[in-house]
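J.: Provided herewith: upload_39.cif, mmCIF, C-alpha atoms.
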data_protein
loop_
_atom_site.label_atom_id
_atom_site.label_comp_id
_atom_site.auth_asym_id
_atom_site.auth_seq_id
_atom_site.Cartn_x
_atom_site.Cartn_y
_atom_site.Cartn_z
CA MET J 1 70.34 121.50 67.23
CA LEU J 2 68.27 124.05 65.36
CA ILE J 3 71.40 125.87 64.18
CA LEU J 4 72.79 122.57 62.88
CA GLN J 5 69.52 121.89 61.04
CA ILE J 6 69.46 125.34 59.45
CA ALA J 7 73.13 125.03 58.46
CA ILE J 8 72.67 121.65 56.77
CA LEU J 9 69.50 122.82 54.96
CA VAL J 10 71.39 125.84 53.57
CA MET J 11 74.31 123.62 52.53
CA VAL J 12 71.98 121.15 50.77
CA ALA J 13 70.27 124.01 48.94
CA ALA J 14 73.63 125.50 47.90
CA ALA J 15 75.02 122.15 46.73
CA GLY J 16 71.84 121.37 44.78
CA THR J 17 71.98 124.74 43.02
CA ALA J 18 75.68 124.20 42.27
CA VAL J 19 74.92 120.81 40.67
CA VAL J 20 72.24 122.38 38.46
CA LEU J 21 74.52 125.25 37.43
CA THR J 22 77.49 122.98 36.58
CA ARG J 23 77.61 122.48 32.81
CA ASP J 24 80.38 119.89 32.38
CA PRO J 25 78.81 116.42 32.92
CA THR J 26 81.87 114.88 34.62
CA SER J 27 82.17 117.69 37.16
CA GLN J 28 78.42 117.47 37.60
CA VAL J 29 78.69 113.79 38.60
CA ILE J 30 81.34 114.64 41.21
CA GLY J 31 79.05 117.43 42.41
CA ILE J 32 76.03 115.12 42.66
CA SER J 33 78.11 112.67 44.70
CA PHE J 34 78.99 115.45 47.15
CA PHE J 35 75.32 116.53 47.16
CA GLY J 36 74.33 112.94 48.03
CA LEU J 37 76.76 112.97 50.95
CA LEU J 38 75.28 116.23 52.25
CA LEU J 39 71.75 114.79 51.90
CA ALA J 40 72.83 111.78 53.98
CA LEU J 41 74.19 114.14 56.63
CA MET J 42 70.89 116.02 56.56
CA PHE J 43 68.87 112.83 57.12
CA PHE J 44 71.20 111.96 59.99
CA ILE J 45 70.83 115.39 61.61
CA PHE J 46 67.04 115.11 61.29
CA GLN J 47 67.27 111.79 63.20
CA ALA J 48 66.61 109.36 60.34
CA PRO J 49 69.75 107.16 60.43
CA ASP J 50 68.10 104.37 58.41
CA VAL J 51 67.43 106.68 55.48
CA ALA J 52 70.88 108.26 55.89
CA LEU J 53 72.52 104.85 55.47
CA SER J 54 70.59 104.16 52.25
CA GLN J 55 71.33 107.64 50.94
CA ILE J 56 75.06 107.42 51.61
CA VAL J 57 75.51 104.25 49.56
CA ILE J 58 73.03 105.07 46.79
CA GLY J 59 73.65 108.80 46.45
CA ALA J 60 77.38 108.90 47.00
CA VAL J 61 78.44 105.61 45.36
CA ALA J 62 75.93 103.78 43.16
CA LEU J 63 74.37 106.72 41.31
CA PRO J 64 77.64 108.55 40.42
CA LEU J 65 79.18 105.24 39.35
CA MET J 66 76.40 104.57 36.85
CA PHE J 67 76.60 108.13 35.54
CA LEU J 68 80.39 107.88 35.13
CA LEU J 69 80.20 104.56 33.26
CA THR J 70 77.46 105.94 30.99
CA LEU J 71 79.54 109.06 30.31
CA ALA J 72 82.57 106.88 29.50
CA LYS J 73 80.50 104.95 26.97
CA VAL J 74 79.01 108.07 25.36
CA ARG J 75 82.44 109.68 25.12
CA LEU J 76 83.92 106.60 23.45
CA ASN J 77 81.11 106.64 20.90
CA VAL J 78 81.99 110.26 20.09
CA ASP J 79 85.70 109.39 19.83
CA ILE J 80 84.97 106.49 17.48
CA ALA J 81 82.80 108.68 15.27
CA ARG J 82 85.56 111.30 15.10
CA ILE J 83 88.26 108.75 14.23
CA SER J 84 86.19 107.12 11.50
CA ASP J 85 85.42 110.60 10.12
CA GLN J 86 89.15 111.33 9.96
CA GLN J 87 89.81 108.00 8.26
CA ASN J 88 87.08 108.65 5.69
CA ALA J 89 88.46 112.11 4.96
CA LYS J 90 91.97 110.71 4.51
CA ARG J 91 90.69 108.01 2.19
CA LYS J 92 88.88 110.61 0.10
CA GLU J 93 92.06 112.72 -0.14
CA ASN J 94 94.06 109.70 -1.27
CA GLU J 95 91.46 108.83 -3.89
CA GLU J 96 91.44 112.39 -5.21
CA ALA J 97 95.25 112.45 -5.32
CA ALA J 98 95.24 109.20 -7.28
CA MET T 1 57.45 129.52 20.49
CA SER T 2 59.04 132.93 20.68
CA ARG T 3 61.25 134.04 23.56
CA ARG T 4 58.61 136.52 24.74
CA VAL T 5 55.82 133.95 24.91
CA ARG T 6 58.10 131.57 26.76
CA SER T 7 59.12 134.10 29.41
CA VAL T 8 55.49 135.17 29.93
CA LEU T 9 54.54 131.51 30.33
CA PHE T 10 57.42 130.95 32.78
CA VAL T 11 56.68 133.99 34.95
CA GLY T 12 52.97 133.13 35.04
CA SER T 13 53.45 129.52 36.07
CA ALA T 14 56.28 130.35 38.50
CA LEU T 15 54.03 132.85 40.29
CA ALA T 16 51.18 130.34 40.40
CA VAL T 17 53.43 127.61 41.85
CA PHE T 18 54.89 130.09 44.36
CA PHE T 19 51.48 131.10 45.75
CA VAL T 20 50.10 127.56 45.82
CA TYR T 21 53.29 126.46 47.60
CA LEU T 22 52.96 129.27 50.12
CA TRP T 23 49.32 128.33 50.72
CA ALA T 24 50.26 124.65 51.23
CA ALA T 25 53.15 125.52 53.56
CA ARG T 26 50.74 127.48 55.80
CA GLY T 27 48.68 124.33 56.33
CA LEU T 28 51.67 122.25 57.48
CA PRO T 29 52.11 121.32 61.15
CA ARG T 30 54.73 123.42 62.95
CA PHE T 31 58.37 122.47 62.37
CA GLY T 32 59.28 119.47 64.52
CA HIS T 33 55.71 118.86 65.73
CA TYR T 34 54.53 115.45 64.54
CA GLN T 35 50.73 115.10 64.52
CA GLY T 36 49.92 111.64 63.13
CA PRO T 37 48.96 108.90 65.61
CA TYR T 38 50.86 106.01 63.95
CA GLY T 39 54.41 106.93 64.98
CA ASP T 40 53.46 107.22 68.63
CA VAL T 41 51.46 103.98 68.56
CA ILE T 42 54.31 102.03 66.91
CA ASN T 43 56.84 103.49 69.34
CA GLN T 44 54.71 102.33 72.26
CA VAL T 45 53.77 98.82 71.17
CA GLY T 46 56.50 97.90 68.65
CA VAL T 47 59.22 96.67 70.99
CA PHE T 48 56.68 94.74 73.04
CA GLU T 49 54.89 93.16 70.06
CA ARG T 50 57.83 92.28 67.82
CA HIS T 51 60.90 92.28 70.14
CA ALA T 52 62.67 94.56 67.63
CA THR T 53 64.51 97.66 68.85
CA ASP T 54 64.82 99.37 65.45
CA LEU T 55 61.19 100.13 64.73
CA VAL T 56 61.91 101.46 61.23
CA THR T 57 62.99 97.97 60.21
CA ALA T 58 60.04 96.47 62.11
CA VAL T 59 57.65 98.69 60.14
CA ASN T 60 59.40 97.95 56.83
CA PHE T 61 59.63 94.18 57.13
CA ASP T 62 56.60 93.40 59.30
CA TYR T 63 53.87 96.03 59.89
CA ARG T 64 53.93 97.05 56.22
CA GLY T 65 55.86 94.05 54.94
CA PHE T 66 53.58 93.68 51.92
CA ASP T 67 54.55 97.15 50.62
CA THR T 68 58.23 96.33 51.04
CA LEU T 69 57.69 93.12 49.08
CA GLY T 70 56.46 95.29 46.20
CA GLU T 71 59.43 97.64 46.58
CA GLU T 72 61.86 94.75 46.52
CA PHE T 73 60.35 93.48 43.29
CA ILE T 74 60.52 96.96 41.79
CA LEU T 75 64.30 96.74 42.25
CA PHE T 76 64.30 93.16 40.94
CA ILE T 77 62.41 94.12 37.77
CA SER T 78 64.57 97.24 37.26
CA VAL T 79 67.73 95.15 37.35
CA ILE T 80 66.21 92.72 34.83
CA GLY T 81 65.28 95.67 32.63
CA VAL T 82 68.80 97.13 32.69
CA THR T 83 70.35 93.72 32.01
CA LEU T 84 68.02 93.26 29.05
CA LEU T 85 68.69 96.75 27.70
CA LEU T 86 72.49 96.50 28.03
CA ARG T 87 72.79 92.90 26.82
CA GLN T 88 75.42 91.93 24.26
CA GLN T 89 74.16 92.72 20.79
CA PRO T 90 74.80 90.21 17.95
CA GLU T 91 77.64 92.33 16.53
CA GLU T 92 79.36 92.36 19.91
CA ALA T 93 80.80 88.90 19.45
CA LYS T 94 81.69 86.63 22.33
CA ASP T 95 85.40 86.42 21.54
CA GLU T 96 85.58 90.20 21.52
CA GLN T 97 84.26 90.17 25.03
CA ASP T 98 86.89 87.63 26.11
CA ASN T 99 89.63 89.78 24.61
CA MET T 100 88.25 92.82 26.33
CA ALA T 101 88.22 91.05 29.69
CA LYS T 102 91.87 90.10 29.21
CA ASN T 103 93.04 93.53 28.16
CA ASP T 104 90.69 96.17 29.61
CA GLU T 105 92.01 98.56 26.99
CA SER T 106 91.11 102.13 26.31
CA LEU T 107 90.96 103.96 23.02
CA GLY T 108 94.45 104.27 21.55
CA ARG T 109 96.28 103.70 24.82
CA ASP T 110 96.67 101.05 27.50
CA ALA T 111 94.41 101.24 30.53
CA PRO T 112 96.43 102.88 33.31
CA GLU T 113 97.64 100.45 35.96
CA PRO T 114 96.11 101.38 39.33
CA SER T 115 98.66 103.02 41.61
CA ASP T 116 100.12 101.13 44.56
CA ALA T 117 98.30 103.42 46.97
CA THR T 118 94.95 102.62 45.31
CA LYS T 119 95.67 98.89 45.36
CA VAL T 120 96.69 98.78 49.03
CA MET T 121 93.88 101.02 50.25
CA THR T 122 91.10 99.31 48.33
CA LEU T 123 92.24 95.77 49.08
CA ALA T 124 92.65 96.61 52.76
CA LEU T 125 89.10 97.97 52.77
CA VAL T 126 87.44 94.92 51.17
CA GLY T 127 87.49 92.76 54.34
CA PRO T 128 86.15 95.38 56.77
CA LEU T 129 83.56 96.41 54.18
CA VAL T 130 82.19 92.87 53.81
CA ALA T 131 82.11 92.47 57.61
CA PHE T 132 80.35 95.82 57.99
CA GLY T 133 77.82 94.91 55.28
CA ILE T 134 77.00 91.60 56.96
CA TYR T 135 76.74 93.40 60.31
CA ILE T 136 74.26 95.93 58.88
CA VAL T 137 72.19 93.16 57.23
CA THR T 138 72.02 90.96 60.34
CA HIS T 139 71.47 93.75 62.89
CA GLY T 140 68.59 95.40 61.04
CA GLN T 141 66.11 94.61 63.81
CA LEU T 142 68.42 95.99 66.51
CA SER T 143 70.06 99.13 65.13
CA PRO T 144 69.65 101.42 62.10
CA GLY T 145 70.19 99.59 58.85
CA GLY T 146 68.79 96.35 57.50
CA GLY T 147 68.75 94.29 54.34
CA PHE T 148 68.61 97.11 51.83
CA GLN T 149 71.40 99.28 53.26
CA GLY T 150 73.65 96.33 54.09
CA GLY T 151 73.05 94.80 50.66
CA VAL T 152 74.28 97.88 48.84
CA ILE T 153 77.33 98.07 51.13
CA LEU T 154 78.10 94.42 50.32
CA ALA T 155 77.74 95.16 46.60
CA THR T 156 80.47 97.83 46.74
CA ALA T 157 83.06 95.22 47.83
CA PRO T 158 83.53 93.68 44.32
CA LEU T 159 83.68 97.23 42.99
CA LEU T 160 86.73 97.89 45.18
CA VAL T 161 88.28 94.74 43.72
CA TYR T 162 87.71 96.18 40.24
CA LEU T 163 89.36 99.45 41.30
CA ALA T 164 92.41 97.61 42.61
CA GLY T 165 92.69 95.14 39.76
CA ASP T 166 90.90 94.84 36.44
CA TYR T 167 87.62 93.70 34.96
CA LYS T 168 88.72 90.08 34.86
CA THR T 169 89.40 89.97 38.62
CA PHE T 170 86.01 91.55 39.17
CA GLN T 171 84.38 88.83 37.07
CA ARG T 172 86.20 86.13 39.01
CA VAL T 173 85.33 87.54 42.44
CA ALA T 174 81.68 88.21 41.59
CA SER T 175 80.80 85.55 39.05
CA HIS T 176 77.78 86.52 36.97
CA THR T 177 76.00 83.19 37.49
CA VAL T 178 76.56 83.07 41.25
CA VAL T 179 75.34 86.65 41.65
CA GLU T 180 72.26 85.93 39.53
CA ILE T 181 71.38 82.87 41.61
CA GLY T 182 71.96 84.81 44.83
CA GLU T 183 69.63 87.57 43.70
CA ALA T 184 66.90 85.08 42.77
CA ILE T 185 67.20 83.22 46.09
CA GLY T 186 66.99 86.50 48.00
CA ALA T 187 63.84 87.53 46.13
CA CYS T 188 62.27 84.09 46.62
CA ALA T 189 63.08 84.09 50.35
CA TYR T 190 60.78 87.07 50.96
CA VAL T 191 57.81 85.37 49.29
CA ALA T 192 58.65 82.07 51.01
CA VAL T 193 58.58 83.74 54.44
CA GLY T 194 55.25 85.29 53.51
CA LEU T 195 53.80 81.94 52.48
CA ALA T 196 55.15 80.33 55.67
CA GLY T 197 52.78 82.59 57.57
CA MET T 198 49.87 81.22 55.53
CA ALA T 199 51.05 77.61 55.88
CA GLY T 200 50.76 78.00 59.66
CA GLY T 201 47.10 78.94 59.20
CA GLY T 202 47.76 82.66 59.58
CA LEU T 203 48.01 85.58 57.21
CA PHE T 204 50.49 86.31 54.40
CA LEU T 205 53.73 87.64 55.98
CA GLN T 206 52.47 87.00 59.51
CA ASN T 207 55.35 86.89 62.01
CA VAL T 208 55.17 83.16 62.84
CA LEU T 209 58.72 82.51 64.06
CA PRO T 210 59.60 82.67 67.78
CA LEU T 211 60.37 86.26 68.70
CA GLY T 212 63.34 85.53 70.98
CA THR T 213 64.82 87.89 73.55
CA THR T 214 64.68 91.60 72.74
CA GLY T 215 68.17 92.82 71.84
CA ASN T 216 69.51 89.45 70.66
CA ILE T 217 70.63 88.97 67.07
CA ASN T 218 68.08 86.16 66.53
CA SER T 219 65.16 88.15 67.94
CA ALA T 220 62.16 89.62 66.09
CA GLY T 221 61.13 86.42 64.27
CA THR T 222 60.61 86.77 60.52
CA ILE T 223 62.00 90.34 60.46
CA ALA T 224 65.58 89.06 60.71
CA VAL T 225 64.98 86.38 58.06
CA ILE T 226 63.39 88.83 55.60
CA SER T 227 66.19 91.31 56.24
CA ALA T 228 68.80 88.68 55.33
CA GLY T 229 66.86 87.76 52.17
CA VAL T 230 66.56 91.38 51.10
CA GLY T 231 70.29 91.85 51.77
CA LEU T 232 71.11 88.97 49.40
CA GLU T 233 68.70 90.24 46.74
CA VAL T 234 69.92 93.85 46.85
CA ALA T 235 73.62 92.91 46.89
CA GLY T 236 73.08 90.56 43.93
CA GLY T 237 71.00 93.10 42.04
CA PHE T 238 73.57 95.86 42.38
CA VAL T 239 76.50 93.64 41.38
CA LEU T 240 74.48 92.54 38.32
CA LEU T 241 73.93 96.21 37.45
CA MET T 242 77.68 96.83 37.67
CA HIS T 243 78.32 93.79 35.47
CA SER T 244 76.03 95.18 32.77
CA PHE T 245 77.42 98.72 32.93
CA LEU T 246 81.09 97.65 33.02
CA GLU T 247 80.53 95.18 30.18
CA GLN T 248 79.05 97.91 28.00
CA ALA T 249 81.66 100.54 28.83
CA LEU T 250 84.52 98.10 28.25
CA SER T 251 83.29 96.16 25.20
CA LEU T 252 83.06 99.41 23.27
CA ARG T 253 86.67 100.18 24.13
CA LEU T 254 87.71 97.00 22.42
CA ARG T 255 85.60 97.49 19.33
CA SER T 256 87.10 100.94 18.91
CA LYS T 257 90.60 99.40 18.73
CA GLN T 258 89.83 97.54 15.52
#
Just give me the structure of the file as structure tokens.
T.:
Amino acid sequence: MLILQIAILVMVAAAGTAVVLTRDPTSQVIGISFFGLLLALMFFIFQAPDVALSQIVIGAVALPLMFLLTLAKVRLNVDIARISDQQNAKRKENEEAA
Amino acid sequence: MSRRVRSVLFVGSALAVFFVYLWAARGLPRFGHYQGPYGDVINQVGVFERHATDLVTAVNFDYRGFDTLGEEFILFISVIGVTLLLRQQPEEAKDEQDNMAKNDESLGRDAPEPSDATKVMTLALVGPLVAFGIYIVTHGQLSPGGGFQGGVILATAPLLVYLAGDYKTFQRVASHTVVEIGEAIGACAYVAVGLAGMAGGGLFLQNVLPLGTTGNINSAGTIAVISAGVGLEVAGGFVLLMHSFLEQALSLRLRSKQ
């Protein structure tokens, strides 16, 4: 049992560090989902199945989902800004040509 | 602030935290040796007093039921806050939203149709997931789980429908109004159970219902009722959150098309 506990603690620490060191937000969300799963396993190994159940649904499903939807929205905003920039530049070129 | 000052500040505070942490860790009880009296007391009298076999749920919904009431309303208020923050702005017109629901379109390309494998897997999972969620909600007093955990599991069922279909199917399966009403009823139920204790001449949240036979699904009195109410509230709250987030992420897609 103690070996299992040490192993899961090391894995949680490694996964947490990996999430912090990941720079790309989308990969980071996938990483945090995996980290949530490991945390749930840790709670289970430390004999807290009630907390493990909450953690598995919140940490592995609900939290990453909200991050992903927020990222999708932010990315679309950036895309829109870029497209309208391109359109403005084109318009300017046309005006100068005329 | 120059780089030098910052690194000096970091090393100084990191060392301070390290030594304080070390000092605190020395004062902890040995690993795996629980010292407080409450856990042992609850373990000894809990099953006898409340006829509940999962004492975590008994503590949550009975012994410290008032704290859990506060926690439930923290979630309730948070959901209201998110809904308010992500509400449709005046420039996001209603007809745009209707269009968006019909099309679910992405920037400059059609939204990809979910693959057959995704459709079959997710739709096959919806039924078992709902059954499992209800099981977790109703068996909170008997086995690990309870209203909160089961509620979130129930809330992921409409999400699977969205994965297999589109936003419009999601809206039809989990209608905004129905979900809102469900959430409100769930939140009210907790307070109502609490007041029922007072109506019987007892205390707020006193366990006034018959306790039943230990191990039966209708045992543990008010614990089972509160658990069901919390399940409804949490499931409704999370589906409402998904409504707000999906609405925002999708309505922008449509606006970008114009």
J.: On this structure, the PyMOL selection byres ((chain T and resi 144) around 12) would catch which residues? List them as a VMD selection string, sorted by chain and number.
T.: (chain J and resid 44 47 to 54) or (chain T and resid 52 to 58 135 to 143 145 to 150)
J.: For this structure, which residues satisfy the selection - the PyMOL selection byres ((chain J and resi 28-43) around 9) - when it is evaluated on the file as given? I want them as a PyMOL selection string.
T.: chain J and resi 5+8-9+11-12+15-16+18-27+44-61+63-65+67-68
J.: Check what the PyMOL selection byres ((chain T and resi 75-84) around 8) selects in the file above and give those residues as an MDAnalysis selection string.
T.: chainID T and resid 71:74 85:87 187 233:234 237:238 240:241 244
J.: In Å, with one decimal, what is the gap from CA of Glu93 in chain J to CA of Ala81 in chain J?
T.: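 Separation of CA of Glu93 in chain J and CA of Ala81 in chain J: 18.4 Å.
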J.: Rounded to one decimal, what separation in Å do you get between CA of Gly165 in chain T and CA of Val120 in chain T?
T.: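 Those two atoms sit 10.7 Å apart.
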J.: Near Phe170 in chain T, within 9 Å and counting only C-alpha atoms, which residues show up once chain neighbours fewer than 5 positions away are dropped, as a list in words?
T.: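 Listing them by chain and then by number gives Pro158, Leu159, Leu160, Val161, Tyr162, Leu163, Gly165, Ser175 and His243 of chain T.
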J.: What lies within 9 Å of range 177-186 of chain T using all atoms listed in the file, ignoring chain neighbours under 3 positions off, as a PyMOL selection string?
T.: chain T and resi 76+174+189-190+226+228-237+239-240
J.: Selected residues, C-alpha atoms, written as a short mmCIF file (atom, residue, chain, number, x, y, z; two decimals), in the coordinates of the input, please.
T.:
data_model
loop_
_atom_site.label_atom_id
_atom_site.label_comp_id
_atom_site.auth_asym_id
_atom_site.auth_seq_id
_atom_site.Cartn_x
_atom_site.Cartn_y
_atom_site.Cartn_z
CA PHE T 76 64.30 93.16 40.94
CA ALA T 174 81.68 88.21 41.59
CA ALA T 189 63.08 84.09 50.35
CA TYR T 190 60.78 87.07 50.96
CA ILE T 226 63.39 88.83 55.60
CA ALA T 228 68.80 88.68 55.33
CA GLY T 229 66.86 87.76 52.17
CA VAL T 230 66.56 91.38 51.10
CA GLY T 231 70.29 91.85 51.77
CA LEU T 232 71.11 88.97 49.40
CA GLU T 233 68.70 90.24 46.74
CA VAL T 234 69.92 93.85 46.85
CA ALA T 235 73.62 92.91 46.89
CA GLY T 236 73.08 90.56 43.93
CA GLY T 237 71.00 93.10 42.04
CA VAL T 239 76.50 93.64 41.38
CA LEU T 240 74.48 92.54 38.32
#
J.: What does the distance between CA of Gly39 in chain T and CA of Asp62 in chain T come to in Å, to one decimal place?
T.: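 CA of Asp62 in chain T lies 14.8 Å from CA of Gly39 in chain T.
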J.: Calculated over only C-alpha atoms, which of the candidates T:Val59, T:Val126, T:Ala24, T:Ala157 has the smallest distance to Ile223 in chain T?
T.: T:Val59
J.: Ranking J:Thr70, J:Gln86, J:Val78, J:Met1 by minimum distance to chain T and counting all atoms listed in the file, which one comes first?
T.: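 Using all atoms listed in the file, chain T sits closest to J:Thr70.
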J.: Considering all atoms listed in the file, state which residue in the set J:Ala98, J:Ala89, J:Ala13, J:Leu2 is at the smallest distance from chain T.
T.: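 The answer is J:Leu2, which sits nearest to chain T.
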